[in-house]
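*Asks:* For reference, this is model01.txt, and it has compact mmCIF, C-alpha atoms and all ligand atoms.
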# COMPACT_ATOMS: atom_id res chain seq x y z
CA MET V 29 112.06 115.65 114.17
CA ASN V 30 112.15 115.53 110.38
CA ILE V 31 110.45 112.88 108.26
CA ALA V 32 113.46 110.53 108.20
CA GLU V 33 113.78 110.69 111.99
CA ARG V 34 110.07 110.07 112.52
CA ILE V 35 110.20 107.02 110.24
CA LYS V 36 113.20 105.70 112.10
CA SER V 37 111.52 106.06 115.45
CA ILE V 38 108.25 104.45 114.25
CA ASN V 39 110.15 101.55 112.66
CA ALA V 40 111.95 100.94 115.96
CA GLU V 41 108.56 100.56 117.66
CA LEU V 42 107.19 98.25 114.97
CA GLY V 43 109.88 95.61 114.98
CA LYS V 44 110.62 93.31 112.08
CA ASN V 45 107.26 91.65 111.58
CA VAL V 46 105.12 94.73 111.04
CA LYS V 47 105.23 96.61 107.75
CA LEU V 48 104.94 100.38 107.72
CA ILE V 49 102.67 101.77 105.01
CA ALA V 50 103.31 105.51 104.75
CA VAL V 51 99.96 107.17 104.06
CA SER V 52 100.79 109.93 101.62
CA LYS V 53 97.34 111.23 100.75
CA LYS V 54 97.22 115.01 100.49
CA GLN V 55 100.97 115.33 101.06
CA GLU V 56 103.44 117.15 98.84
CA LEU V 57 105.65 115.15 96.49
CA SER V 58 108.79 116.55 98.14
CA LYS V 59 107.70 115.10 101.49
CA ILE V 60 106.89 111.75 99.89
CA MET V 61 110.38 111.73 98.35
CA GLU V 62 111.88 112.38 101.79
CA ALA V 63 110.17 109.23 103.02
CA TYR V 64 111.27 107.34 99.89
CA ASN V 65 114.86 108.43 100.40
CA SER V 66 114.82 107.14 103.94
CA GLY V 67 113.89 103.70 102.64
CA ILE V 68 110.08 103.59 102.49
CA ARG V 69 108.73 101.76 99.42
CA ASP V 70 105.14 101.14 100.52
CA PHE V 71 102.79 104.11 100.26
CA GLY V 72 99.05 104.30 100.90
CA GLU V 73 96.56 106.51 99.10
CA ASN V 74 92.80 107.08 99.40
CA TYR V 75 91.73 108.72 96.14
CA VAL V 76 92.10 107.21 92.67
CA GLN V 77 92.94 110.38 90.78
CA GLU V 78 95.52 111.52 93.31
CA LEU V 79 97.00 108.03 93.32
CA THR V 80 97.38 107.80 89.53
CA GLU V 81 98.97 111.25 89.36
CA LYS V 82 101.51 110.35 92.03
CA GLN V 83 102.24 106.96 90.50
CA ASP V 84 103.01 108.73 87.25
CA LYS V 85 105.44 111.20 88.82
CA LEU V 86 107.19 109.15 91.49
CA PRO V 87 109.75 106.30 91.32
CA LYS V 88 108.47 103.12 89.72
CA ASP V 89 109.69 100.78 92.45
CA ILE V 90 107.10 102.17 94.88
CA LYS V 91 104.45 99.66 95.96
CA TRP V 92 101.14 101.51 96.01
CA HIS V 93 98.43 100.53 98.47
CA MET V 94 94.84 101.66 97.93
CA ILE V 95 93.39 102.17 101.40
CA GLY V 96 90.36 104.38 100.71
CA HIS V 97 86.88 103.45 99.56
CA LEU V 98 87.07 102.29 95.94
CA GLN V 99 84.23 102.42 93.44
CA SER V 100 84.03 99.48 91.02
CA ASN V 101 84.06 101.76 87.98
CA LYS V 102 87.44 103.20 88.99
CA VAL V 103 89.34 99.95 89.39
CA LYS V 104 90.50 100.12 85.76
CA TYR V 105 92.56 103.26 86.45
CA ILE V 106 94.76 101.55 89.03
CA ALA V 107 94.72 97.90 87.92
CA THR V 108 97.87 98.31 85.81
CA PHE V 109 100.09 99.08 88.79
CA ILE V 110 98.39 98.76 92.19
CA ASP V 111 100.16 96.37 94.57
CA THR V 112 97.53 95.90 97.26
CA ILE V 113 93.92 97.03 97.69
CA HIS V 114 93.10 97.17 101.42
CA SER V 115 89.56 98.44 101.04
CA VAL V 116 87.67 95.58 99.41
CA ASP V 117 84.20 96.04 100.87
CA SER V 118 81.93 94.16 98.46
CA PHE V 119 81.84 91.03 96.37
CA LYS V 120 81.07 93.18 93.34
CA LEU V 121 84.28 95.14 93.85
CA LEU V 122 86.32 91.94 94.18
CA ASN V 123 84.82 90.67 90.95
CA GLU V 124 85.74 93.90 89.18
CA ILE V 125 89.30 93.82 90.53
CA ASN V 126 89.66 90.26 89.26
CA LYS V 127 88.37 91.26 85.84
CA GLU V 128 90.72 94.23 85.49
CA ALA V 129 93.70 92.29 86.86
CA LYS V 130 93.05 89.58 84.27
CA LYS V 131 93.02 92.17 81.47
CA ASN V 132 96.46 93.26 82.62
CA ASN V 133 97.61 89.69 83.13
CA ARG V 134 98.71 90.34 86.69
CA LYS V 135 97.57 89.44 90.18
CA ILE V 136 96.40 92.05 92.66
CA ASN V 137 96.68 91.55 96.42
CA CYS V 138 93.44 92.24 98.25
CA LEU V 139 92.41 92.61 101.87
CA LEU V 140 88.81 92.26 102.92
CA GLN V 141 87.81 95.39 104.82
CA LEU V 142 85.65 94.72 107.85
CA HIS V 143 83.46 97.30 109.51
CA VAL V 144 84.03 97.04 113.26
CA ALA V 145 83.89 100.72 114.25
CA LYS V 146 80.80 102.42 115.61
CA GLU V 147 80.81 105.19 112.99
CA GLU V 148 78.36 104.58 110.16
CA THR V 149 80.60 106.50 107.76
CA LYS V 150 83.27 103.83 107.87
CA THR V 151 82.90 101.12 105.25
CA GLY V 152 83.48 97.38 105.05
CA PHE V 153 81.69 94.08 105.48
CA ASP V 154 79.89 93.82 108.82
CA GLN V 155 80.21 90.61 110.82
CA THR V 156 76.99 89.15 109.41
CA GLU V 157 78.07 89.79 105.81
CA PHE V 158 81.54 88.43 106.54
CA LYS V 159 80.11 85.22 108.03
CA ALA V 160 77.85 84.82 105.01
CA LEU V 161 80.84 85.25 102.70
CA LEU V 162 82.74 82.52 104.56
CA GLU V 163 79.81 80.15 104.25
CA THR V 164 79.98 80.19 100.45
CA ASP V 165 82.69 79.23 97.99
CA ARG V 166 82.41 82.56 96.21
CA LEU V 167 85.81 83.83 97.34
CA LYS V 168 87.40 80.94 95.45
CA GLU V 169 86.16 82.23 92.10
CA PHE V 170 89.04 84.59 91.45
CA ASP V 171 92.22 83.65 89.62
CA PHE V 172 93.74 87.13 89.44
CA VAL V 173 93.19 88.19 93.03
CA ASN V 174 95.26 87.11 96.04
CA ILE V 175 93.19 87.42 99.18
CA ILE V 176 95.99 88.08 101.64
CA GLY V 177 94.11 89.15 104.77
CA ILE V 178 91.84 91.54 106.63
CA MET V 179 91.82 95.32 107.04
CA GLY V 180 89.88 97.49 109.44
CA MET V 181 89.68 100.76 111.33
CA SER V 182 88.79 101.29 114.96
CA THR V 183 86.28 103.82 116.23
CA PHE V 184 87.66 107.33 116.76
CA THR V 185 87.51 107.34 120.56
CA ASP V 186 89.67 107.68 123.70
CA ASN V 187 88.22 104.45 125.01
CA MET V 188 91.21 102.08 124.79
CA ASN V 189 89.11 99.07 125.74
CA GLN V 190 86.81 99.62 122.84
CA ILE V 191 89.71 100.03 120.41
CA GLU V 192 91.32 96.85 121.74
CA ASN V 193 88.07 94.94 121.36
CA GLU V 194 87.64 96.09 117.78
CA PHE V 195 91.19 95.08 116.88
CA GLU V 196 90.63 91.75 118.60
CA THR V 197 87.53 91.22 116.42
CA LEU V 198 89.65 91.88 113.33
CA HIS V 199 92.29 89.43 114.52
CA GLN V 200 89.68 86.74 115.16
CA SER V 201 88.19 87.41 111.73
CA LEU V 202 91.58 86.78 110.13
CA ILE V 203 91.79 83.46 111.98
CA SER V 204 88.31 82.54 110.68
CA LEU V 205 89.37 83.40 107.14
CA GLN V 206 92.55 81.30 107.50
CA ASN V 207 90.67 78.32 108.87
CA ARG V 208 88.03 78.49 106.17
CA PHE V 209 90.41 79.03 103.23
CA PRO V 210 93.87 77.73 104.19
CA GLU V 211 94.79 77.70 100.49
CA PHE V 212 94.68 81.51 100.37
CA ASN V 213 97.65 81.88 102.70
CA ALA V 214 95.99 84.97 104.21
CA THR V 215 98.47 86.27 106.75
CA GLU V 216 98.06 90.04 106.76
CA LEU V 217 96.21 92.13 109.30
CA SER V 218 96.12 95.77 108.19
CA MET V 219 95.17 97.78 111.24
CA GLY V 220 96.48 100.78 113.13
CA MET V 221 96.93 104.42 112.14
CA SER V 222 98.69 107.36 113.82
CA SER V 223 96.36 107.43 116.81
CA ASP V 224 96.16 103.71 117.57
CA TYR V 225 99.00 101.79 115.96
CA GLN V 226 100.64 100.81 119.26
CA THR V 227 97.41 99.11 120.32
CA ALA V 228 97.06 97.52 116.89
CA ILE V 229 100.53 95.96 117.13
CA LYS V 230 99.67 94.45 120.51
CA LYS V 231 96.65 92.89 118.84
CA GLY V 232 98.63 91.29 116.03
CA SER V 233 98.73 93.89 113.28
CA THR V 234 101.12 93.09 110.41
CA MET V 235 100.63 96.33 108.47
CA VAL V 236 100.16 99.76 110.01
CA ARG V 237 98.93 102.67 107.88
CA ILE V 238 100.50 105.85 109.24
CA GLY V 239 100.12 109.30 107.72
CA SER V 240 100.13 112.38 109.93
CA THR V 241 102.70 111.07 112.43
CA ILE V 242 105.20 110.80 109.54
CA PHE V 243 104.27 113.74 107.33
CA GLY V 244 102.45 116.18 109.60
CA THR V 245 99.02 117.63 108.88
CA ARG V 246 97.55 117.14 105.41
CA LEU V 247 97.08 119.90 102.79
C1 LIG V 301 94.11 108.55 106.22
C2 LIG V 301 94.10 107.13 106.59
C3 LIG V 301 95.13 106.58 107.40
C4 LIG V 301 96.24 107.40 108.01
O1 LIG V 301 95.74 108.22 109.02
P1 LIG V 301 96.72 109.03 110.01
O2 LIG V 301 95.84 109.34 111.16
O3 LIG V 301 97.15 110.25 109.27
O4 LIG V 301 97.84 108.15 110.37
C5 LIG V 301 95.10 105.22 107.63
N1 LIG V 301 94.13 104.43 107.14
C6 LIG V 301 93.13 104.91 106.39
C7 LIG V 301 92.09 103.99 105.86
C8 LIG V 301 93.07 106.28 106.10
O5 LIG V 301 92.06 106.76 105.37
Please re-express this file's structure in structure tokens.
*Replies:*
Amino acid sequence: MNIAERIKSINAELGKNVKLIAVSKKQELSKIMEAYNSGIRDFGENYVQELTEKQDKLPKDIKWHMIGHLQSNKVKYIATFIDTIHSVDSFKLLNEINKEAKKNNRKINCLLQLHVAKEETKTGFDQTEFKALLETDRLKEFDFVNIIGIMGMSTFTDNMNQIENEFETLHQSLISLQNRFPEFNATELSMGMSSDYQTAIKKGSTMVRIGSTIFGTRL
């Protein structure tokens, strides 16, 4: 199958209520354009420099999603154009995003990244930190940030039960966020990648981030 055919077959599995974010990190521009030409407008990237270079070269109606770990001091490089930041893993980062969004007089969509996987290398708020965040009013401080939901990654494992449990935790966390801050209108659950998106959809995912299944192996 070529890229257009793979996108078509993934979209058929996703149905109408789940958005496909094509993860284009470390992929050639020609491949990204193949995805664009088959209708994809949402692309996900992990590295700030790579993201800004691609944003510069590719069509301006692309919605860029930052899905990789983001350092506060790099927010300024993407704040002019980024649509959604999935990887908000600290209050400090949220504060910085708000500041840079304000400078550009625009709002930036943000997802709180939760750490539910067993790997220490994966980032995000753990459940204790997340609970603490919900107990304060600090998330209400930001006028230039839309907190639209929760993002997370499952453990890299064959154990389907474990993956399901981790996605269930993310789903429950979204419900907690909605109950605590109904005014945010937080409806998005960004979970599922090439290896586990079918499970993620069963558990209520609204955004899947798929790279290698669309584009093949990365450079
Ligand atoms: C790279 C990456 C993906 C896509 O992974 P694939 O296995 O290629 O689908 C999704 N989410 C995050 C956070 C990533 O870093």
*Asks:* Check which residues of chain V sit at most 9 Å from ligand LIG 301 (chain V) using all atoms listed in the file, and return one row each with the closest pair of atoms and their distance in Å to one decimal, ordered by chain and rising number, as CSV.
*Replies:*
residue,atom,partner,partner_atom,distance
V:Ile49,CA,V:LIG301,C5,8.7
V:Ala50,CA,V:LIG301,C4,8.0
V:Val51,CA,V:LIG301,C4,5.4
V:Ser52,CA,V:LIG301,C1,8.2
V:Lys53,CA,V:LIG301,C1,6.9
V:Gly72,CA,V:LIG301,C5,7.9
V:Glu73,CA,V:LIG301,O5,7.7
V:Asn74,CA,V:LIG301,O5,6.0
V:Met94,CA,V:LIG301,C7,8.7
V:Ile95,CA,V:LIG301,C7,5.0
V:Gly96,CA,V:LIG301,C7,5.4
V:His97,CA,V:LIG301,C7,8.2
V:His114,CA,V:LIG301,C7,8.2
V:Ser115,CA,V:LIG301,C7,7.8
V:Met179,CA,V:LIG301,C7,8.8
V:Gly180,CA,V:LIG301,C7,7.7
V:Met181,CA,V:LIG301,C7,6.8
V:Ser218,CA,V:LIG301,N1,8.9
V:Met219,CA,V:LIG301,N1,7.9
V:Gly220,CA,V:LIG301,C5,7.2
V:Met221,CA,V:LIG301,O4,4.2
V:Ser222,CA,V:LIG301,O4,3.6
V:Ser223,CA,V:LIG301,O2,6.0
V:Asp224,CA,V:LIG301,O2,8.5
V:Tyr225,CA,V:LIG301,O4,8.5
V:Val236,CA,V:LIG301,C5,7.8
V:Arg237,CA,V:LIG301,C5,4.6
V:Ile238,CA,V:LIG301,O4,3.7
V:Gly239,CA,V:LIG301,O3,3.5
V:Ser240,CA,V:LIG301,O3,3.7
V:Thr241,CA,V:LIG301,O4,6.0
V:Ile242,CA,V:LIG301,O4,7.9
V:Phe243,CA,V:LIG301,O3,8.2
V:Gly244,CA,V:LIG301,O3,8.0
V:Thr245,CA,V:LIG301,O3,7.6
V:Arg246,CA,V:LIG301,O3,7.9
*Asks:* Could you check which of V:Ile176, V:Val46, V:Ala40, V:Ala32 is closest to Ile229 of chain V, using all atoms listed in the file?
*Replies:*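 Checking each of V:Ile176, V:Val46, V:Ala40, V:Ala32 against Ile229 of chain V, counting all atoms listed in the file, the winner is V:Val46.
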*Asks:* Could you tell me how far atom CA of Glu169 of chain V sits from atom CA of Glu196 of chain V, in Å to one decimal place?
*Replies:*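 Calculated distance between atom CA of Glu196 of chain V and atom CA of Glu169 of chain V is 28.5 Å.
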*Asks:* Find the smallest box with edges along x, y and z containing every listed atom of segment 78-94 of chain V, then add 6 Å on each side and report centre and edge lengths in Å to one decimal, as AutoDock Vina command-line options.
*Replies:*
--center_x 102.3 --center_y 105.6 --center_z 92.9 --size_x 26.9 --size_y 23.9 --size_z 23.2
*Asks:* Counting only C-alpha atoms, figure out which residue out of V:Asp165, V:Phe195, V:Glu81, V:Leu205 gets nearest to Gln226 of chain V.
*Replies:*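 Nearest to Gln226 of chain V: V:Phe195.
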*Asks:* Hey, which of V:Ser58, V:Thr112, V:Asn133, V:Thr185 ends up closest to Lys146 of chain V? Count only C-alpha atoms.
*Replies:*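 Closest candidate: V:Thr185.
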*Asks:* What's around Asn101 of chain V at 12 Å? Count only C-alpha atoms, leave out sequence neighbours fewer than 2 positions away in its own chain, and write the answer as a ChimeraX atom specification.
*Replies:* /V:76,98-99,103-107,120-125,127-128
